[in-house]
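entry_17.pdb follows (PDB, C-alpha atoms):
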MODEL        1
ATOM      1  CA  MET A  29       0.000   0.000   0.000
ATOM      2  CA  SER A  30       1.277   3.485  -0.804
ATOM      3  CA  LYS A  31       2.385   5.625   2.121
ATOM      4  CA  SER A  32       1.597   8.952   0.417
ATOM      5  CA  ARG A  33      -1.919   8.446  -0.942
ATOM      6  CA  PRO A  34      -4.976   7.533   1.147
ATOM      7  CA  PRO A  35      -5.791   3.857   0.514
ATOM      8  CA  LEU A  36      -9.520   4.161  -0.246
ATOM      9  CA  PRO A  37     -12.091   2.728   0.160
ATOM     10  CA  LEU A  38     -11.499   1.507   3.710
ATOM     11  CA  THR A  39     -13.016  -1.554   5.328
ATOM     12  CA  PRO A  40     -15.548  -0.776   8.102
ATOM     13  CA  ALA A  41     -13.072  -2.060  10.723
ATOM     14  CA  VAL A  42     -10.249   0.202   9.516
ATOM     15  CA  PHE A  43     -12.561   3.210   9.206
ATOM     16  CA  HIS A  44     -13.836   2.766  12.756
ATOM     17  CA  ILE A  45     -10.341   2.253  14.173
ATOM     18  CA  LEU A  46      -9.191   5.486  12.525
ATOM     19  CA  LEU A  47     -12.262   7.239  13.896
ATOM     20  CA  ALA A  48     -11.611   5.895  17.404
ATOM     21  CA  LEU A  49      -8.038   7.168  17.290
ATOM     22  CA  PHE A  50      -8.947  10.636  16.036
ATOM     23  CA  GLY A  51      -7.722  13.202  18.540
ATOM     24  CA  LYS A  52      -6.707  10.665  21.165
ATOM     25  CA  GLU A  53      -4.145   7.923  21.681
ATOM     26  CA  ARG A  54      -5.773   4.679  22.791
ATOM     27  CA  HIS A  55      -4.745   1.146  23.740
ATOM     28  CA  GLY A  56      -6.307  -2.000  22.229
ATOM     29  CA  TYR A  57      -9.203  -2.568  24.607
ATOM     30  CA  ASP A  58     -10.035   1.149  24.584
ATOM     31  CA  ILE A  59     -10.137   1.081  20.760
ATOM     32  CA  MET A  60     -12.479  -1.941  20.783
ATOM     33  CA  GLN A  61     -14.853  -0.246  23.213
ATOM     34  CA  GLN A  62     -14.790   3.040  21.294
ATOM     35  CA  VAL A  63     -15.469   1.277  17.982
ATOM     36  CA  LYS A  64     -18.420  -0.537  19.545
ATOM     37  CA  ALA A  65     -19.794   2.736  20.934
ATOM     38  CA  ASP A  66     -19.222   4.763  17.725
ATOM     39  CA  SER A  67     -20.914   2.133  15.571
ATOM     40  CA  GLU A  68     -23.744   1.676  18.084
ATOM     41  CA  GLY A  69     -22.789  -1.990  18.444
ATOM     42  CA  ALA A  70     -22.791  -2.698  14.711
ATOM     43  CA  VAL A  71     -19.014  -3.282  14.550
ATOM     44  CA  LYS A  72     -17.724  -5.591  17.264
ATOM     45  CA  MET A  73     -14.136  -6.687  16.909
ATOM     46  CA  GLY A  74     -12.078  -9.057  18.982
ATOM     47  CA  PRO A  75      -8.347  -8.848  19.744
ATOM     48  CA  GLY A  76      -7.224 -10.890  16.703
ATOM     49  CA  THR A  77      -9.112  -8.748  14.205
ATOM     50  CA  LEU A  78      -8.021  -5.546  15.921
ATOM     51  CA  TYR A  79      -4.290  -6.306  16.003
ATOM     52  CA  GLY A  80      -4.312  -7.768  12.488
ATOM     53  CA  SER A  81      -5.890  -4.522  11.261
ATOM     54  CA  LEU A  82      -3.495  -2.384  13.326
ATOM     55  CA  ASP A  83      -0.488  -4.240  11.840
ATOM     56  CA  ARG A  84      -1.716  -3.512   8.322
ATOM     57  CA  MET A  85      -2.500   0.101   9.230
ATOM     58  CA  ILE A  86       0.976   0.613  10.713
ATOM     59  CA  GLU A  87       2.466  -0.902   7.555
ATOM     60  CA  ALA A  88       0.377   1.496   5.437
ATOM     61  CA  GLY A  89       1.503   4.452   7.557
ATOM     62  CA  LEU A  90      -1.996   5.278   8.872
ATOM     63  CA  VAL A  91      -1.283   4.540  12.532
ATOM     64  CA  ALA A  92       1.814   4.590  14.738
ATOM     65  CA  LYS A  93       2.635   3.227  18.158
ATOM     66  CA  GLY A  94       2.785   5.730  21.007
ATOM     67  CA  ASN A  95       5.714   6.062  23.382
ATOM     68  CA  THR A  96       4.651   3.428  25.871
ATOM     69  CA  GLN A  97       6.896   0.904  27.579
ATOM     70  CA  GLU A  98       4.142  -1.291  29.027
ATOM     71  CA  PRO A  99       3.771  -4.301  26.669
ATOM     72  CA  ARG A 100       0.213  -5.033  27.858
ATOM     73  CA  ARG A 101      -1.027  -1.513  27.162
ATOM     74  CA  ILE A 102       0.519  -0.235  23.969
ATOM     75  CA  TYR A 103      -1.045   3.024  22.811
ATOM     76  CA  TYR A 104      -1.709   3.784  19.165
ATOM     77  CA  ARG A 105      -2.154   7.138  17.459
ATOM     78  CA  LEU A 106      -3.147   8.493  14.068
ATOM     79  CA  THR A 107      -0.426   9.701  11.714
ATOM     80  CA  ALA A 108      -0.874  12.656   9.357
ATOM     81  CA  LEU A 109      -1.687  10.199   6.557
ATOM     82  CA  GLY A 110      -4.180   8.487   8.847
ATOM     83  CA  GLN A 111      -5.981  11.801   9.425
ATOM     84  CA  THR A 112      -5.990  12.606   5.715
ATOM     85  CA  THR A 113      -7.330   9.140   4.953
ATOM     86  CA  LEU A 114     -10.059   9.423   7.575
ATOM     87  CA  ARG A 115     -11.199  12.782   6.159
ATOM     88  CA  ALA A 116     -11.091  11.473   2.580
ATOM     89  CA  GLU A 117     -13.089   8.354   3.474
ATOM     90  CA  THR A 118     -15.645  10.403   5.410
ATOM     91  CA  GLU A 119     -16.058  12.655   2.382
ATOM     92  CA  ARG A 120     -16.406   9.625   0.081
ATOM     93  CA  LEU A 121     -19.060   8.077   2.325
ATOM     94  CA  SER A 122     -20.915  11.416   2.560
ATOM     95  CA  ARG A 123     -20.998  11.709  -1.219
ATOM     96  CA  ALA A 124     -22.289   8.147  -1.508
ATOM     97  CA  ALA A 125     -24.941   8.804   1.165
ATOM     98  CA  ARG A 126     -26.018  12.060  -0.541
ATOM     99  CA  PHE A 127     -26.355  10.247  -3.852
ATOM    100  CA  ALA A 128     -28.321   7.400  -2.259
ATOM    101  CA  ARG A 129     -30.671   9.823  -0.482
ATOM    102  CA  ARG A 130     -31.278  11.707  -3.734
ATOM    103  CA  LEU A 131     -31.952   8.469  -5.577
ATOM    104  CA  LEU A 132     -34.250   7.087  -2.905
ATOM    105  CA  GLY A 133     -36.007  10.459  -2.498
ATOM    106  CA  SER A 134     -36.879  10.592  -6.181
ATOM    107  CA  ALA A 135     -38.076   6.994  -6.307
TER
ATOM    108  CA  MET B   1       6.402 -14.131  28.556
ATOM    109  CA  THR B   2       4.372 -11.248  29.921
ATOM    110  CA  ARG B   3       1.205 -12.160  31.708
ATOM    111  CA  PRO B   4      -1.662  -9.878  32.623
ATOM    112  CA  ALA B   5      -1.472  -8.536  36.136
ATOM    113  CA  ARG B   6      -3.900 -10.775  37.945
ATOM    114  CA  GLN B   7      -3.803 -12.738  41.147
ATOM    115  CA  LYS B   8      -5.296 -15.855  39.648
ATOM    116  CA  GLU B   9      -5.785 -16.759  36.019
ATOM    117  CA  SER B  10      -9.258 -17.906  35.058
ATOM    118  CA  ARG B  11      -9.768 -21.151  33.172
ATOM    119  CA  SER B  12     -11.058 -19.119  30.217
ATOM    120  CA  LEU B  13      -7.837 -17.133  30.121
ATOM    121  CA  ARG B  14      -5.765 -20.313  30.152
ATOM    122  CA  VAL B  15      -7.834 -21.720  27.278
ATOM    123  CA  TYR B  16      -7.481 -18.454  25.350
ATOM    124  CA  ALA B  17      -3.712 -18.387  25.969
ATOM    125  CA  ARG B  18      -3.523 -21.906  24.507
ATOM    126  CA  LEU B  19      -5.631 -20.931  21.485
ATOM    127  CA  LEU B  20      -3.341 -17.969  20.831
ATOM    128  CA  GLU B  21      -0.601 -20.477  20.000
ATOM    129  CA  LEU B  22      -2.418 -21.041  16.704
ATOM    130  CA  TYR B  23      -1.371 -17.562  15.519
ATOM    131  CA  PRO B  24       1.924 -17.159  13.651
ATOM    132  CA  PRO B  25       4.867 -16.652  16.055
ATOM    133  CA  SER B  26       5.761 -13.244  14.573
ATOM    134  CA  PHE B  27       2.212 -12.008  15.232
ATOM    135  CA  LEU B  28       2.279 -13.376  18.783
ATOM    136  CA  GLN B  29       5.638 -11.787  19.473
ATOM    137  CA  ARG B  30       4.127  -8.395  18.717
ATOM    138  CA  HIS B  31       0.713  -8.776  20.344
ATOM    139  CA  ARG B  32       0.508 -11.718  22.756
ATOM    140  CA  ALA B  33       0.711  -9.635  25.936
ATOM    141  CA  GLU B  34      -1.802  -7.088  24.633
ATOM    142  CA  MET B  35      -4.243  -9.782  23.508
ATOM    143  CA  LEU B  36      -4.148 -11.544  26.866
ATOM    144  CA  GLN B  37      -4.745  -8.253  28.662
ATOM    145  CA  ASN B  38      -7.631  -7.485  26.280
ATOM    146  CA  PHE B  39      -9.138 -10.864  27.027
ATOM    147  CA  VAL B  40      -8.953 -10.160  30.765
ATOM    148  CA  ASP B  41     -10.675  -6.799  30.188
ATOM    149  CA  LEU B  42     -13.327  -8.394  27.968
ATOM    150  CA  GLU B  43     -13.914 -11.144  30.509
ATOM    151  CA  ASP B  44     -14.331  -8.616  33.315
ATOM    152  CA  SER B  45     -16.909  -6.621  31.376
ATOM    153  CA  ALA B  46     -18.703  -9.536  29.666
ATOM    154  CA  GLU B  47     -22.396 -10.058  30.426
ATOM    155  CA  SER B  48     -21.923 -13.813  30.188
ATOM    156  CA  LYS B  49     -19.268 -16.385  29.298
ATOM    157  CA  ALA B  50     -21.336 -17.466  26.295
ATOM    158  CA  ARG B  51     -21.309 -13.956  24.800
ATOM    159  CA  LEU B  52     -17.589 -13.624  25.475
ATOM    160  CA  TRP B  53     -16.748 -16.913  23.751
ATOM    161  CA  LEU B  54     -19.075 -16.132  20.870
ATOM    162  CA  LEU B  55     -17.105 -12.941  20.207
ATOM    163  CA  ILE B  56     -13.742 -14.675  20.729
ATOM    164  CA  GLY B  57     -14.704 -17.678  18.579
ATOM    165  CA  LYS B  58     -15.775 -15.471  15.698
ATOM    166  CA  ASP B  59     -12.679 -13.325  16.104
ATOM    167  CA  LEU B  60     -10.341 -16.326  16.142
ATOM    168  CA  ALA B  61     -11.955 -17.887  13.072
ATOM    169  CA  ILE B  62     -11.678 -14.687  11.020
ATOM    170  CA  SER B  63      -8.274 -13.469  12.155
ATOM    171  CA  LEU B  64      -6.525 -16.870  12.140
ATOM    172  CA  ILE B  65      -7.529 -17.484   8.533
ATOM    173  CA  SER B  66      -6.524 -13.945   7.584
ATOM    174  CA  GLU B  67      -3.094 -14.160   9.295
ATOM    175  CA  PHE B  68      -2.441 -17.643   7.924
ATOM    176  CA  PHE B  69      -3.131 -16.713   4.308
ATOM    177  CA  ARG B  70      -0.882 -13.657   4.564
ATOM    178  CA  SER B  71       2.109 -15.925   5.219
ATOM    179  CA  ARG B  72       4.262 -17.798   2.662
ATOM    180  CA  LEU B  73       3.136 -21.078   4.169
ATOM    181  CA  GLY B  74      -0.463 -19.995   3.654
ATOM    182  CA  ARG B  75       0.180 -19.232   0.003
ATOM    183  CA  TYR B  76       1.852 -22.644  -0.380
ATOM    184  CA  VAL B  77      -1.212 -24.301   1.141
ATOM    185  CA  ILE B  78      -3.467 -22.458  -1.323
ATOM    186  CA  ALA B  79      -1.268 -23.648  -4.210
ATOM    187  CA  VAL B  80      -1.360 -27.267  -2.964
ATOM    188  CA  PHE B  81      -5.099 -26.990  -2.384
ATOM    189  CA  VAL B  82      -5.693 -25.713  -5.930
ATOM    190  CA  ALA B  83      -3.443 -28.458  -7.366
ATOM    191  CA  TRP B  84      -5.363 -31.043  -5.341
ATOM    192  CA  MET B  85      -8.700 -29.672  -6.537
ATOM    193  CA  LEU B  86      -7.406 -29.991 -10.096
ATOM    194  CA  LEU B  87      -6.361 -33.602  -9.493
ATOM    195  CA  PHE B  88      -9.723 -34.220  -7.885
ATOM    196  CA  ALA B  89     -11.539 -32.743 -10.888
ATOM    197  CA  ILE B  90      -9.468 -34.931 -13.254
ATOM    198  CA  GLY B  91     -10.159 -38.012 -11.112
ATOM    199  CA  TYR B  92     -13.841 -37.120 -10.997
ATOM    200  CA  PHE B  93     -13.882 -36.715 -14.770
ATOM    201  CA  PHE B  94     -12.241 -40.098 -15.420
ATOM    202  CA  TYR B  95     -14.164 -42.077 -12.817
ATOM    203  CA  GLY B  96     -17.465 -40.461 -13.634
ATOM    204  CA  PRO B  97     -19.766 -38.572 -11.278
ATOM    205  CA  THR B  98     -20.596 -41.582  -9.133
ATOM    206  CA  PRO B  99     -20.724 -41.221  -5.352
ATOM    207  CA  GLY B 100     -17.839 -42.744  -3.445
ATOM    208  CA  HIS B 101     -15.239 -42.722  -6.179
ATOM    209  CA  PRO B 102     -11.501 -42.840  -5.315
ATOM    210  CA  ALA B 103     -10.660 -39.199  -6.080
ATOM    211  CA  LEU B 104     -13.292 -38.035  -3.614
ATOM    212  CA  HIS B 105     -11.973 -40.356  -0.897
ATOM    213  CA  ALA B 106      -8.349 -39.332  -1.389
ATOM    214  CA  PHE B 107      -9.344 -35.670  -1.449
ATOM    215  CA  GLY B 108     -11.392 -36.149   1.706
ATOM    216  CA  GLY B 109      -8.384 -37.645   3.474
ATOM    217  CA  PHE B 110      -5.884 -35.081   2.219
ATOM    218  CA  LEU B 111      -7.484 -32.026   3.829
ATOM    219  CA  PRO B 112      -7.701 -33.376   7.403
ATOM    220  CA  GLY B 113      -4.132 -34.646   6.937
ATOM    221  CA  MET B 114      -2.850 -31.157   6.190
ATOM    222  CA  LEU B 115      -4.961 -29.651   8.938
ATOM    223  CA  ALA B 116      -3.755 -32.213  11.495
ATOM    224  CA  MET B 117      -0.129 -31.480  10.668
ATOM    225  CA  TYR B 118      -0.682 -27.728  10.726
ATOM    226  CA  ILE B 119      -2.320 -27.883  14.167
ATOM    227  CA  ALA B 120       0.575 -30.023  15.379
ATOM    228  CA  THR B 121       3.176 -27.514  14.229
ATOM    229  CA  ARG B 122       1.247 -24.623  15.779
ATOM    230  CA  LEU B 123       0.668 -26.323  19.122
ATOM    231  CA  TYR B 124       3.903 -28.253  19.543
ATOM    232  CA  GLY B 125       6.448 -26.329  17.498
ATOM    233  CA  THR B 126       8.211 -26.928  14.206
ATOM    234  CA  PRO B 127       9.084 -30.577  13.484
ATOM    235  CA  GLN B 128      12.616 -31.756  14.268
ATOM    236  CA  ASN B 129      14.949 -31.931  11.277
ATOM    237  CA  SER B 130      17.021 -34.825  12.561
ATOM    238  CA  ILE B 131      15.682 -38.364  12.665
ATOM    239  CA  SER B 132      17.662 -38.896  15.888
ATOM    240  CA  HIS B 133      15.326 -36.412  17.591
ATOM    241  CA  PHE B 134      12.226 -38.232  16.480
ATOM    242  CA  PHE B 135       9.991 -39.713  19.209
ATOM    243  CA  ARG B 136      11.424 -37.232  21.724
ATOM    244  CA  SER B 137       9.195 -34.189  21.298
ATOM    245  CA  ARG B 138       5.502 -33.628  21.971
ATOM    246  CA  PHE B 139       5.123 -32.878  18.268
ATOM    247  CA  ASP B 140       6.345 -36.343  17.310
ATOM    248  CA  ILE B 141       4.131 -37.984  19.919
ATOM    249  CA  TYR B 142       1.180 -36.059  18.441
ATOM    250  CA  VAL B 143       2.043 -37.157  14.873
ATOM    251  CA  ILE B 144       2.426 -40.775  15.984
ATOM    252  CA  SER B 145      -0.918 -40.583  17.876
ATOM    253  CA  VAL B 146      -2.682 -39.246  14.746
ATOM    254  CA  PHE B 147      -0.993 -41.966  12.705
ATOM    255  CA  VAL B 148      -2.065 -44.722  15.123
ATOM    256  CA  ALA B 149      -5.618 -43.348  15.289
ATOM    257  CA  TRP B 150      -5.719 -43.285  11.516
ATOM    258  CA  ILE B 151      -4.452 -46.880  11.256
ATOM    259  CA  LEU B 152      -7.206 -47.862  13.666
ATOM    260  CA  LEU B 153      -9.793 -46.140  11.469
ATOM    261  CA  PHE B 154      -8.244 -47.809   8.437
ATOM    262  CA  VAL B 155      -8.472 -51.249  10.043
ATOM    263  CA  ILE B 156     -12.105 -50.642  10.996
ATOM    264  CA  GLY B 157     -12.850 -49.450   7.449
ATOM    265  CA  TYR B 158     -10.964 -52.414   6.012
ATOM    266  CA  TYR B 159     -12.950 -54.793   8.191
ATOM    267  CA  PHE B 160     -16.289 -53.334   7.093
ATOM    268  CA  TYR B 161     -15.440 -52.959   3.417
ATOM    269  CA  ASP B 162     -13.748 -56.352   3.079
ATOM    270  CA  PRO B 163     -10.089 -56.761   2.089
ATOM    271  CA  THR B 164     -10.531 -55.724  -1.525
ATOM    272  CA  ARG B 165      -8.001 -53.594  -3.382
ATOM    273  CA  GLY B 166      -8.775 -49.909  -3.676
ATOM    274  CA  HIS B 167     -11.483 -49.742  -1.076
ATOM    275  CA  PRO B 168     -12.510 -46.325   0.342
ATOM    276  CA  ALA B 169     -10.713 -46.657   3.694
ATOM    277  CA  LEU B 170      -7.408 -47.177   1.911
ATOM    278  CA  GLN B 171      -8.002 -44.145  -0.316
ATOM    279  CA  VAL B 172      -8.909 -41.856   2.571
ATOM    280  CA  PHE B 173      -5.944 -43.174   4.540
ATOM    281  CA  GLY B 174      -3.574 -42.531   1.631
ATOM    282  CA  GLY B 175      -4.972 -39.047   1.095
ATOM    283  CA  CYS B 176      -4.499 -38.167   4.746
ATOM    284  CA  LEU B 177      -0.880 -39.301   4.807
ATOM    285  CA  VAL B 178      -0.107 -37.362   1.625
ATOM    286  CA  GLY B 179      -1.727 -34.297   3.237
ATOM    287  CA  MET B 180       0.388 -34.671   6.374
ATOM    288  CA  VAL B 181       3.565 -35.099   4.342
ATOM    289  CA  ALA B 182       2.692 -32.071   2.155
ATOM    290  CA  MET B 183       2.329 -29.865   5.229
ATOM    291  CA  TYR B 184       5.430 -31.360   6.847
ATOM    292  CA  ILE B 185       7.499 -30.456   3.791
ATOM    293  CA  ALA B 186       5.951 -26.996   3.693
ATOM    294  CA  THR B 187       6.943 -26.215   7.276
ATOM    295  CA  HIS B 188      10.522 -27.217   6.503
ATOM    296  CA  VAL B 189      10.796 -25.393   3.193
ATOM    297  CA  TYR B 190       8.925 -22.206   4.081
ATOM    298  CA  GLY B 191       9.189 -22.140   7.854
ATOM    299  CA  MET B 192       6.284 -21.283  10.094
ATOM    300  CA  PRO B 193       4.314 -18.142   9.268
TER
ENDMDL
END

Translate the structure described by the file into structure tokens.
Amino acid sequence: MSKSRPPLPLTPAVFHILLALFGKERHGYDIMQQVKADSEGAVKMGPGTLYGSLDRMIEAGLVAKGNTQEPRRIYYRLTALGQTTLRAETERLSRAARFARRLLGSA
Amino acid sequence: MTRPARQKESRSLRVYARLLELYPPSFLQRHRAEMLQNFVDLEDSAESKARLWLLIGKDLAISLISEFFRSRLGRYVIAVFVAWMLLFAIGYFFYGPTPGHPALHAFGGFLPGMLAMYIATRLYGTPQNSISHFFRSRFDIYVISVFVAWILLFVIGYYFYDPTRGHPALQVFGGCLVGMVAMYIATHVYGMP
């Protein structure tokens, strides 16, 4: 995956992880809880899915590890590319939703 | 190995710690401690054990498959699987679409053979390279146990199907052994994921 261009479209899990990390560093369990709350329970992820996604997001340059020494509570944060990607995906989803509403409204 | 800070480990945590061994070592090296701590947190906040294990079971099934197929060993397994499907299709074509034909039996034995060997390598470590080490590790004991169990099944099948050449038990048995050998070679050539 390119490290300079937002890799769109995102999977729901990646989108919600980025959203959970916006403006705040979080550890794994905190991310899972935030994702569950943000999606109103629609996206529930376990540890394996979360850390698999985080590995791929770190590799893509969307997320970075915080400066924590505690191996059980590693904090993750958004990178500049992660923020750009989150904004771009939000815009893409908004456009799609606007189009769908227009289509459904005229039907 | 870092363990979550807890006076006493629950049985669920011990089971989960054992299941984590199914993940590739490189993945575990990065996340084992975090995942165990997450499990403790999830267990503390879970409404019931059933809900907790439903989430964990689903998570394990999805993420294990995903992590496995990202590895070189996973790609090898896909290649072998595709080749085997091809052989199966050829066998099916030549023997005709009758139920219980040899290709189907061999194919049916091959997949559990590969799976059995993969589980063994994940749970008990990579197989020993030297024959002098054989019979000494838990891995080898596992392989021998599977082998003995399979011989037992074969004998039962042989007894019920009569000692005719090319009967189904023999075909399934052969397929399983080929599957085990294929995975054994893969772990040596490509290493564990």

Could the residues of chain A that have an atom at most 7 Å from chain B be listed as a Markdown table, each with its closest atom pair and the distance in Å to one decimal, counting all atoms listed in the file and ordered by chain and ascending residue number?
| residue | atom | partner | partner_atom | distance |
| --- | --- | --- | --- | --- |
| A:Gly56 | CA | B:Asn38 | CA | 6.9 |
| A:Tyr57 | CA | B:Asn38 | CA | 5.4 |
| A:Met73 | CA | B:Asp59 | CA | 6.8 |
| A:Gly74 | CA | B:Asp59 | CA | 5.2 |
| A:Pro75 | CA | B:Met35 | CA | 5.6 |
| A:Gly76 | CA | B:Ser63 | CA | 5.3 |
| A:Thr77 | CA | B:Ser63 | CA | 5.2 |
| A:Gly80 | CA | B:Ser63 | CA | 7.0 |
| A:Pro99 | CA | B:Ala33 | CA | 6.2 |
| A:Arg100 | CA | B:Glu34 | CA | 4.3 |
| A:Arg101 | CA | B:Glu34 | CA | 6.2 |

(request) Find, counting all atoms listed in the file, the residue in A:Leu38, A:Leu106, A:Val71, A:Ala48 that gets nearest to Leu90 in chain A. (result) A:Leu106

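Nearest to Gly69 in chain A of all the residues A:Gly133, A:Gly110, A:His44, A:Ile102 is A:His44, based on all atoms listed in the file.
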
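Omitting Val178 in chain B and its sequence neighbours fewer than 4 positions away, and counting only C-alpha atoms, the residues within 8 Å are Phe110, Gly113, Gly174 and Ala182 of chain B.
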
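The space between CA of Ile59 in chain A and CA of Leu114 in chain A spans 15.6 Å.
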
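The space between CA of Phe107 in chain B and CA of Met85 in chain B spans 7.9 Å.
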
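Relative to CA of Thr39 in chain A, CA of Thr107 in chain A is found at 18.1 Å.
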
Given 4 Å of margin on each side, can you work out the centre and size in Å (one decimal) of an axis-aligned box holding every listed atom of range 100-118 of chain A, as lines of an AutoDock Vina configuration file?
center_x = -7.6
center_y = 3.9
center_z = 15.2
size_x = 24.2
size_y = 25.8
size_z = 33.3

(message) So that I can see what lies close to Gln111 in chain A, please list as a ChimeraX atom specification the residues with an atom at most 10 Å from it, counting only C-alpha atoms and leaving out residues fewer than 4 positions away in the same chain.
(response) /A:34,46-47,49-51,90-91,106-107,115-117

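Among B:Ala79, B:Ile144, B:Gly109, B:Met114, the residue with the shortest atom-to-atom distance to Gly179 in chain B, counting all atoms listed in the file, is B:Met114.
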
(request) Quick one: apply the PyMOL selection byres ((chain B and resi 78) around 12) to the file and drop the selected residues here as a list in words. (result) Ile65, Phe68, Phe69, Arg70, Ser71, Arg72, Leu73, Gly74, Arg75, Tyr76, Val77, Ala79, Val80, Phe81, Val82, Ala83, Trp84, Met85, Leu111, Met114, Ala182, Met183 and Ala186 of chain B
